[in-house]
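The file data.csv comes next; it holds CSV, C-alpha atoms and all ligand atoms.
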```
chain,number,residue,atom,x,y,z
A,1,MET,CA,-40.3,100.8,102.5
A,2,ILE,CA,-44.2,100.5,102.7
A,3,LYS,CA,-44.5,103.8,100.8
A,4,ARG,CA,-42.2,102.3,98.1
A,5,ILE,CA,-44.3,99.1,97.8
A,6,LEU,CA,-47.5,101.1,97.7
A,7,LYS,CA,-46.1,103.3,95.0
A,8,LYS,CA,-45.1,100.2,92.9
A,9,ILE,CA,-48.6,98.8,93.3
A,10,VAL,CA,-50.3,102.1,92.2
A,11,ASN,CA,-47.9,102.4,89.3
A,12,GLN,CA,-49.2,99.0,88.0
A,13,PHE,CA,-52.7,100.6,87.5
A,14,TYR,CA,-52.0,104.3,87.1
A,15,ILE,CA,-50.0,105.0,84.0
A,16,VAL,CA,-48.4,108.3,83.0
A,17,GLU,CA,-46.7,108.5,79.7
A,18,LYS,CA,-44.9,111.6,78.5
A,19,VAL,CA,-45.2,112.5,74.8
A,20,TYR,CA,-42.1,114.0,73.1
A,21,LYS,CA,-42.0,115.6,69.7
A,22,VAL,CA,-39.5,117.1,67.3
A,23,ASP,CA,-39.8,118.8,63.9
A,24,LEU,CA,-37.8,117.1,61.3
A,25,LYS,CA,-36.0,120.0,59.5
A,26,ASP,CA,-32.4,119.3,58.7
A,27,LYS,CA,-30.2,116.4,57.7
A,28,TYR,CA,-28.8,114.6,60.7
A,29,THR,CA,-25.4,113.1,61.1
A,30,ILE,CA,-25.6,109.3,61.4
A,31,ASP,CA,-23.2,107.7,64.0
A,32,ASN,CA,-20.9,105.7,61.7
A,33,ALA,CA,-19.6,103.7,64.7
A,34,TYR,CA,-22.6,101.3,64.1
A,35,ASP,CA,-24.3,99.5,61.2
A,36,TYR,CA,-28.0,99.9,60.7
A,37,LEU,CA,-30.3,97.4,59.1
A,38,VAL,CA,-34.0,96.9,58.3
A,39,MET,CA,-35.0,93.6,59.9
A,40,ASP,CA,-36.3,90.6,58.1
A,41,ILE,CA,-37.3,87.2,59.5
A,42,SER,CA,-33.8,85.6,59.3
A,43,GLN,CA,-32.2,88.7,61.0
A,44,ILE,CA,-34.8,88.5,63.8
A,45,ASN,CA,-34.0,84.9,64.3
A,46,LEU,CA,-30.3,85.6,64.5
A,47,MET,CA,-30.7,88.5,66.9
A,48,PHE,CA,-32.8,86.6,69.4
A,49,GLU,CA,-30.5,83.5,69.0
A,50,GLU,CA,-27.7,85.8,70.2
A,51,HIS,CA,-29.7,87.3,73.1
A,52,LYS,CA,-32.0,84.5,74.0
A,53,THR,CA,-31.2,84.6,77.7
A,54,GLU,CA,-32.2,88.3,77.9
A,55,VAL,CA,-35.5,88.8,76.0
A,56,ASP,CA,-37.4,87.3,73.1
A,57,TYR,CA,-39.7,89.6,71.1
A,58,SER,CA,-39.3,87.6,67.9
A,59,ASP,CA,-43.0,86.8,67.4
A,60,VAL,CA,-44.0,90.5,67.9
A,61,LEU,CA,-41.3,91.7,65.5
A,62,LYS,CA,-42.1,89.1,62.9
A,63,GLN,CA,-45.8,90.1,62.9
A,64,ARG,CA,-44.7,93.7,62.5
A,65,ILE,CA,-42.5,93.2,59.5
A,66,GLU,CA,-45.5,91.9,57.6
A,67,ASP,CA,-47.3,95.2,58.1
A,68,HIS,CA,-46.2,98.1,55.8
A,69,ASN,CA,-47.1,100.6,58.5
A,70,PHE,CA,-44.1,99.6,60.6
A,71,ARG,CA,-40.4,99.3,60.2
A,72,THR,CA,-38.1,97.5,62.6
A,73,PHE,CA,-34.4,98.4,62.6
A,74,ALA,CA,-31.4,96.8,64.3
A,75,ILE,CA,-28.1,98.3,65.2
A,76,LYS,CA,-25.1,96.1,64.9
A,77,LYS,CA,-21.5,96.4,65.7
A,78,GLY,CA,-19.5,93.7,63.9
A,79,ASN,CA,-21.5,90.5,64.2
A,80,SER,CA,-23.2,91.5,67.4
A,81,PHE,CA,-26.8,92.9,67.6
A,82,CYS,CA,-26.8,95.9,69.9
A,83,GLY,CA,-30.5,96.6,69.9
A,84,PHE,CA,-33.7,97.0,67.9
A,85,PHE,CA,-35.9,100.1,67.3
A,86,ASN,CA,-39.2,100.7,65.6
A,87,ILE,CA,-41.1,103.3,63.5
A,88,ALA,CA,-44.8,103.6,62.8
A,89,PHE,CA,-45.7,105.5,59.6
A,90,ASP,CA,-49.4,105.4,60.1
A,91,THR,CA,-51.9,104.9,62.9
A,92,CYS,CA,-50.2,103.3,65.9
A,93,TYR,CA,-51.9,101.9,69.0
A,94,ASP,CA,-50.0,102.5,72.2
A,95,ASN,CA,-50.7,99.3,74.2
A,96,ILE,CA,-49.5,100.9,77.4
A,97,THR,CA,-52.1,103.6,77.6
A,98,GLY,CA,-54.6,102.8,74.9
A,99,TYR,CA,-54.0,106.1,73.0
A,100,TYR,CA,-53.3,106.3,69.3
A,101,PHE,CA,-50.5,108.1,67.5
A,102,ASN,CA,-50.4,109.4,63.9
A,103,LYS,CA,-54.2,109.2,63.7
A,104,ASP,CA,-54.8,112.7,62.6
A,105,ASN,CA,-51.3,113.6,61.4
A,106,LYS,CA,-49.9,111.6,58.4
A,107,ASP,CA,-46.8,113.8,58.3
A,108,ASN,CA,-45.6,112.4,61.5
A,109,ILE,CA,-43.6,109.2,62.4
A,110,HIS,CA,-43.9,107.6,65.8
A,111,LEU,CA,-40.8,106.0,67.3
A,112,PHE,CA,-41.6,103.2,69.7
A,113,HIS,CA,-40.5,99.8,71.2
A,114,ASP,CA,-36.8,100.9,71.6
A,115,TYR,CA,-34.5,98.3,73.1
A,116,THR,CA,-30.8,98.2,73.7
A,117,PHE,CA,-29.4,94.8,74.8
A,118,LYS,CA,-27.9,95.1,78.3
A,119,LYS,CA,-24.3,94.6,77.3
A,120,TRP,CA,-24.5,97.5,74.9
A,121,ARG,CA,-26.2,100.0,77.1
A,122,GLY,CA,-24.5,103.4,77.9
A,123,LYS,CA,-22.6,103.3,74.6
A,124,GLY,CA,-24.8,105.7,72.6
A,125,VAL,CA,-26.7,103.0,70.7
A,126,HIS,CA,-30.1,104.4,71.6
A,127,LYS,CA,-29.2,107.9,70.6
A,128,ALA,CA,-27.8,106.6,67.3
A,129,SER,CA,-31.1,104.8,66.7
A,130,ILE,CA,-33.1,108.0,67.2
A,131,ILE,CA,-30.9,110.0,64.8
A,132,TYR,CA,-31.1,107.2,62.3
A,133,ARG,CA,-34.9,107.1,62.5
A,134,MET,CA,-35.2,110.9,62.3
A,135,GLN,CA,-33.1,110.8,59.1
A,136,TYR,CA,-35.3,107.9,57.8
A,137,GLY,CA,-38.4,110.0,58.4
A,138,ILE,CA,-36.9,112.9,56.4
A,139,LYS,CA,-36.1,110.5,53.5
A,140,ASN,CA,-39.8,109.5,53.6
A,141,ASN,CA,-40.9,113.2,53.5
A,142,LYS,CA,-42.2,113.3,57.1
A,143,LYS,CA,-42.3,116.6,58.9
A,144,SER,CA,-42.1,115.5,62.6
A,145,ALA,CA,-41.5,112.6,64.9
A,146,THR,CA,-43.0,111.7,68.3
A,147,THR,CA,-42.4,109.2,71.0
A,148,ALA,CA,-44.1,108.2,74.3
A,149,ILE,CA,-42.1,107.4,77.4
A,150,VAL,CA,-43.4,106.0,80.6
A,151,LYS,CA,-42.7,108.6,83.3
A,152,ASN,CA,-39.4,108.1,85.1
A,153,ASN,CA,-37.7,106.2,82.3
A,154,ILE,CA,-34.7,108.6,82.7
A,155,ALA,CA,-32.4,106.9,80.3
A,156,SER,CA,-34.9,107.0,77.5
A,157,GLU,CA,-35.9,110.6,78.2
A,158,LYS,CA,-32.3,111.7,78.2
A,159,SER,CA,-31.7,110.2,74.8
A,160,TYR,CA,-34.7,111.8,73.2
A,161,LEU,CA,-34.1,115.2,74.8
A,162,SER,CA,-30.5,115.2,73.5
A,163,CYS,CA,-31.8,114.6,70.0
A,164,GLY,CA,-34.0,117.7,70.2
A,165,PHE,CA,-37.3,116.2,71.3
A,166,LYS,CA,-39.5,118.4,73.6
A,167,HIS,CA,-42.1,117.3,76.0
A,168,VAL,CA,-45.5,118.3,74.5
A,169,GLU,CA,-48.1,116.4,76.5
A,170,SER,CA,-48.8,113.8,79.1
A,171,LEU,CA,-51.2,110.8,78.6
A,172,ILE,CA,-52.8,109.4,81.7
A,173,ALA,CA,-54.6,106.1,81.8
A,174,LEU,CA,-55.9,103.5,84.3
A,175,LYS,CA,-54.9,100.0,83.4
A,176,PHE,CA,-56.6,97.0,84.9
A,177,PHE,CA,-55.2,93.8,83.3
A,178,LYS,CA,-56.3,94.2,79.6
A,179,ILE,CA,-58.7,97.0,80.3
A,180,LYS,CA,-57.4,100.5,79.7
A,181,ILE,CA,-59.3,103.6,80.6
A,182,LYS,CA,-58.0,106.8,79.1
A,183,LEU,CA,-58.3,109.6,81.7
A,184,ILE,CA,-56.6,112.6,80.4
A,185,LYS,CA,-54.7,113.7,77.3
A,186,ARG,CA,-53.1,116.7,79.0
A,187,ALA,CA,-51.4,119.2,76.8
A,188,ILE,CA,-48.7,121.2,78.5
B,201,LIG,C1,-33.6,103.2,77.5
B,201,LIG,C2,-32.5,102.5,76.7
B,201,LIG,C3,-33.1,102.2,75.3
B,201,LIG,C4,-31.3,103.4,76.6
B,201,LIG,O1,-30.4,102.8,75.7
B,201,LIG,P1,-28.8,103.1,75.6
B,201,LIG,O2,-28.3,102.5,74.3
B,201,LIG,O3,-28.1,102.6,76.8
B,201,LIG,O4,-28.8,104.7,75.6
B,201,LIG,P2,-27.6,105.6,75.2
B,201,LIG,O5,-26.3,104.9,75.5
B,201,LIG,O6,-27.8,106.1,73.8
B,201,LIG,O7,-27.7,106.8,76.2
B,201,LIG,C5,-28.5,107.9,75.9
B,201,LIG,C6,-28.5,108.8,77.1
B,201,LIG,O8,-29.1,108.2,78.3
B,201,LIG,C7,-28.1,108.2,79.3
B,201,LIG,N1,-28.3,106.9,80.1
B,201,LIG,C8,-28.2,105.7,79.6
B,201,LIG,N2,-28.5,104.8,80.5
B,201,LIG,C9,-28.8,105.5,81.6
B,201,LIG,C10,-29.3,105.2,82.9
B,201,LIG,N3,-29.4,103.9,83.3
B,201,LIG,N4,-29.5,106.2,83.8
B,201,LIG,C11,-29.4,107.5,83.5
B,201,LIG,N5,-29.0,107.8,82.2
B,201,LIG,C12,-28.7,106.9,81.3
B,201,LIG,C13,-26.8,108.3,78.7
B,201,LIG,O9,-25.8,108.8,79.6
B,201,LIG,C14,-27.1,109.2,77.6
B,201,LIG,O10,-27.2,110.6,78.0
B,201,LIG,P3,-26.2,111.7,77.5
B,201,LIG,O11,-26.4,111.9,76.1
B,201,LIG,O12,-26.6,112.9,78.4
B,201,LIG,O13,-24.8,111.2,77.8
B,201,LIG,C15,-32.1,101.2,77.3
B,201,LIG,O14,-31.8,101.4,78.7
B,201,LIG,C16,-33.2,100.1,77.3
B,201,LIG,O15,-33.3,99.4,76.3
B,201,LIG,N6,-34.0,100.0,78.4
B,201,LIG,C17,-35.1,99.0,78.4
B,201,LIG,C18,-36.2,99.3,77.4
B,201,LIG,C19,-36.7,100.7,77.5
B,201,LIG,O16,-36.8,101.3,78.6
B,201,LIG,N7,-36.9,101.3,76.3
B,201,LIG,C20,-37.4,102.6,76.1
B,201,LIG,C21,-38.9,102.7,76.1
B,201,LIG,S1,-39.4,104.4,75.6
```
Would you mind writing the structure in this file as structure tokens?
Ligand SMILES: CC(C)(COP(=O)(O)OP(=O)(O)OC[C@H]1O[C@@H](n2cnc3c(N)ncnc32)[C@H](O)[C@@H]1OP(=O)(O)O)[C@@H](O)C(=O)NCCC(=O)NCCS
Amino acid sequence: MIKRILKKIVNQFYIVEKVYKVDLKDKYTIDNAYDYLVMDISQINLMFEEHKTEVDYSDVLKQRIEDHNFRTFAIKKGNSFCGFFNIAFDTCYDNITGYYFNKDNKDNIHLFHDYTFKKWRGKGVHKASIIYRMQYGIKNNKKSATTAIVKNNIASEKSYLSCGFKHVESLIALKFFKIKIKLIKRAI
């Protein structure tokens, strides 16, 4: 019990993120069980109106749609929003570890801020979003895709691995409130 509490405290300050990467080579088969849409302000309002008791990222997502570097997608089934998922086309700051993605590689897309609403989890929504974004990357002439997953986020890891992503490096940082100290960018 004490060990578990100590581990939780340490994990607040000591962050390990695993970076996964895939080469975008082929056409991918989009899961037609769902609808996919690029978000605008009115869709963001509708989505968080539907899920207001769960989370509200509307301000963050609205800021993002004004920036051409980013694209936010939602997955829908009928009238219900199942989740939202993001792509960065250019330099992307990771506010968990303080590292940057796409800085030296403009042929890469970075997939980040993935969220499936609770009632839709375990139904393949996340996997569908990854395949959809990989295909979107190909359409935009990108050669590879990356993502960063906080260690032990098993559900997220499983989705990315099953879409062909491979673990390529680990990022380690110390986080003390808003201060982030990058310790190691460890290639594996
Ligand atoms: C991680 C998350 C996006 C997964 O979404 P999801 O739509 O439920 O995922 P999927 O249904 O597409 O499942 C993908 C895989 O993960 C597995 N999985 C899903 N939830 C799981 C869980 N709680 N534990 C273990 N495996 C799980 C599925 O079985 C599936 O694996 P399979 O292909 O081997 O069958 C969702 O749990 C979530 O939004 N979590 C909170 C935010 C978060 O952690 N985002 C990711 C940050 S990188």
Closest atom pairs, residues of region 84-113 of chain A within 12 Å of region 52-60 of chain A, only C-alpha atoms, as JSON lines:
```
{"residue": "A:Phe84", "atom": "CA", "partner": "A:Tyr57", "partner_atom": "CA", "distance": 10.0}
{"residue": "A:Phe85", "atom": "CA", "partner": "A:Tyr57", "partner_atom": "CA", "distance": 11.8}
{"residue": "A:Asn86", "atom": "CA", "partner": "A:Val60", "partner_atom": "CA", "distance": 11.5}
{"residue": "A:His113", "atom": "CA", "partner": "A:Tyr57", "partner_atom": "CA", "distance": 10.2}
```
Nearest to ligand LIG 201 (chain B) among A:Tyr28, A:Phe70, A:Tyr34, A:Phe89, with distances taken over all atoms listed in the file: which residue is it?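 With all atoms listed in the file as the atom set, the closest residue is A:Tyr34.
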Within 12 Å of Ile41 (chain A) using all atoms listed in the file, minus same-chain residues under 6 positions, as a ChimeraX atom specification: /A:47-48,58-66,72-73
Could you please take those selected residues and save C-alpha atoms as an mmCIF file, in the coordinates of the input?
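The resulting out_28.cif:
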```cif
data_model
loop_
_atom_site.group_PDB
_atom_site.id
_atom_site.type_symbol
_atom_site.label_atom_id
_atom_site.label_comp_id
_atom_site.auth_asym_id
_atom_site.auth_seq_id
_atom_site.Cartn_x
_atom_site.Cartn_y
_atom_site.Cartn_z
ATOM 1 C CA MET A 47 -30.700 88.500 66.900
ATOM 2 C CA PHE A 48 -32.800 86.600 69.400
ATOM 3 C CA SER A 58 -39.300 87.600 67.900
ATOM 4 C CA ASP A 59 -43.000 86.800 67.400
ATOM 5 C CA VAL A 60 -44.000 90.500 67.900
ATOM 6 C CA LEU A 61 -41.300 91.700 65.500
ATOM 7 C CA LYS A 62 -42.100 89.100 62.900
ATOM 8 C CA GLN A 63 -45.800 90.100 62.900
ATOM 9 C CA ARG A 64 -44.700 93.700 62.500
ATOM 10 C CA ILE A 65 -42.500 93.200 59.500
ATOM 11 C CA GLU A 66 -45.500 91.900 57.600
ATOM 12 C CA THR A 72 -38.100 97.500 62.600
ATOM 13 C CA PHE A 73 -34.400 98.400 62.600
#
```
Check which residues fall inside 9 Å of ligand LIG 201 (chain B) when counting all atoms listed in the file, and print them as a PyMOL selection string. chain A and resi 82-85+111-130+147-150+153-163
What does the file look like for those residues with C-alpha atoms, as a PDB file, keeping the file's coordinate frame?
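selection.pdb was written with the following content:
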```pdb
ATOM      1  CA  CYS A  82     -26.800  95.900  69.900  1.00  0.00           C
ATOM      2  CA  GLY A  83     -30.500  96.600  69.900  1.00  0.00           C
ATOM      3  CA  PHE A  84     -33.700  97.000  67.900  1.00  0.00           C
ATOM      4  CA  PHE A  85     -35.900 100.100  67.300  1.00  0.00           C
ATOM      5  CA  LEU A 111     -40.800 106.000  67.300  1.00  0.00           C
ATOM      6  CA  PHE A 112     -41.600 103.200  69.700  1.00  0.00           C
ATOM      7  CA  HIS A 113     -40.500  99.800  71.200  1.00  0.00           C
ATOM      8  CA  ASP A 114     -36.800 100.900  71.600  1.00  0.00           C
ATOM      9  CA  TYR A 115     -34.500  98.300  73.100  1.00  0.00           C
ATOM     10  CA  THR A 116     -30.800  98.200  73.700  1.00  0.00           C
ATOM     11  CA  PHE A 117     -29.400  94.800  74.800  1.00  0.00           C
ATOM     12  CA  LYS A 118     -27.900  95.100  78.300  1.00  0.00           C
ATOM     13  CA  LYS A 119     -24.300  94.600  77.300  1.00  0.00           C
ATOM     14  CA  TRP A 120     -24.500  97.500  74.900  1.00  0.00           C
ATOM     15  CA  ARG A 121     -26.200 100.000  77.100  1.00  0.00           C
ATOM     16  CA  GLY A 122     -24.500 103.400  77.900  1.00  0.00           C
ATOM     17  CA  LYS A 123     -22.600 103.300  74.600  1.00  0.00           C
ATOM     18  CA  GLY A 124     -24.800 105.700  72.600  1.00  0.00           C
ATOM     19  CA  VAL A 125     -26.700 103.000  70.700  1.00  0.00           C
ATOM     20  CA  HIS A 126     -30.100 104.400  71.600  1.00  0.00           C
ATOM     21  CA  LYS A 127     -29.200 107.900  70.600  1.00  0.00           C
ATOM     22  CA  ALA A 128     -27.800 106.600  67.300  1.00  0.00           C
ATOM     23  CA  SER A 129     -31.100 104.800  66.700  1.00  0.00           C
ATOM     24  CA  ILE A 130     -33.100 108.000  67.200  1.00  0.00           C
ATOM     25  CA  THR A 147     -42.400 109.200  71.000  1.00  0.00           C
ATOM     26  CA  ALA A 148     -44.100 108.200  74.300  1.00  0.00           C
ATOM     27  CA  ILE A 149     -42.100 107.400  77.400  1.00  0.00           C
ATOM     28  CA  VAL A 150     -43.400 106.000  80.600  1.00  0.00           C
ATOM     29  CA  ASN A 153     -37.700 106.200  82.300  1.00  0.00           C
ATOM     30  CA  ILE A 154     -34.700 108.600  82.700  1.00  0.00           C
ATOM     31  CA  ALA A 155     -32.400 106.900  80.300  1.00  0.00           C
ATOM     32  CA  SER A 156     -34.900 107.000  77.500  1.00  0.00           C
ATOM     33  CA  GLU A 157     -35.900 110.600  78.200  1.00  0.00           C
ATOM     34  CA  LYS A 158     -32.300 111.700  78.200  1.00  0.00           C
ATOM     35  CA  SER A 159     -31.700 110.200  74.800  1.00  0.00           C
ATOM     36  CA  TYR A 160     -34.700 111.800  73.200  1.00  0.00           C
ATOM     37  CA  LEU A 161     -34.100 115.200  74.800  1.00  0.00           C
ATOM     38  CA  SER A 162     -30.500 115.200  73.500  1.00  0.00           C
ATOM     39  CA  CYS A 163     -31.800 114.600  70.000  1.00  0.00           C
TER      40      CYS A 163
END
```
Quick one: everything within 10 Å of region 172-178 of chain A, counting all atoms listed in the file, minus sequence neighbours fewer than 4 positions away in the same chain. Send it as a list in words. Val10, Asn11, Gln12, Phe13, Tyr14, Ile15, Val16, Glu17, Lys18, Asn95, Ile96, Thr97, Gly98, Tyr99, Lys182, Leu183, Ile184, Lys185 and Arg186 of chain A
Close residues, Lys27 (chain A) itself excluded, 10 Å, all atoms listed in the file, min 6 positions apart in chain, as a list in words: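 In the requested form, the answer reads Ile131, Met134, Gln135, Tyr136, Ile138 and Lys139 of chain A.
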Measuring atom to atom with all atoms listed in the file, identify which of A:Ile87, A:Val19, A:Ile75, A:Ile2 is nearest to Arg133 (chain A). A:Ile87
For a test of reading the model, state the distance in Å between CA of Asp90 (chain A) and CA of Ser144 (chain A), rounded to one decimal.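 Going from CA of Asp90 (chain A) over to CA of Ser144 (chain A) covers 12.7 Å.
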Would you please work out which residue, of A:Asn152, A:Asn79, A:Thr91, A:Asn105, is nearest to Glu50 (chain A) when using all atoms listed in the file? A:Asn79
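Shortest separation to Thr29 (chain A) among A:Asp104, A:Ala145, A:Tyr132, A:Lys8 occurs at residue A:Tyr132, atoms counted being only C-alpha atoms.
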Residue with smallest distance to Phe101 (chain A) - pool A:Leu171, A:Ile30, A:Leu37, A:Ala74, counting only C-alpha atoms: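 Ranking A:Leu171, A:Ile30, A:Leu37, A:Ala74 by distance to Phe101 (chain A), first place goes to A:Leu171.
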At what distance in Å, to one decimal, does CA of Tyr93 (chain A) lie from CA of Lys180 (chain A)?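 Going from CA of Lys180 (chain A) over to CA of Tyr93 (chain A) covers 12.1 Å.
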Take CA of Lys143 (chain A) and CA of Lys25 (chain A) and report the distance between them in Å, one decimal.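 So the two atoms, CA of Lys143 (chain A) and CA of Lys25 (chain A), lie 7.2 Å apart.
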Select, from A:Lys3, A:Asn69, A:Lys77, A:Lys21, the residue with the minimum atom-to-atom distance to Tyr36 (chain A), counting all atoms listed in the file.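 When distances to Tyr36 (chain A) are compared using all atoms listed in the file, the smallest one comes from A:Lys77.
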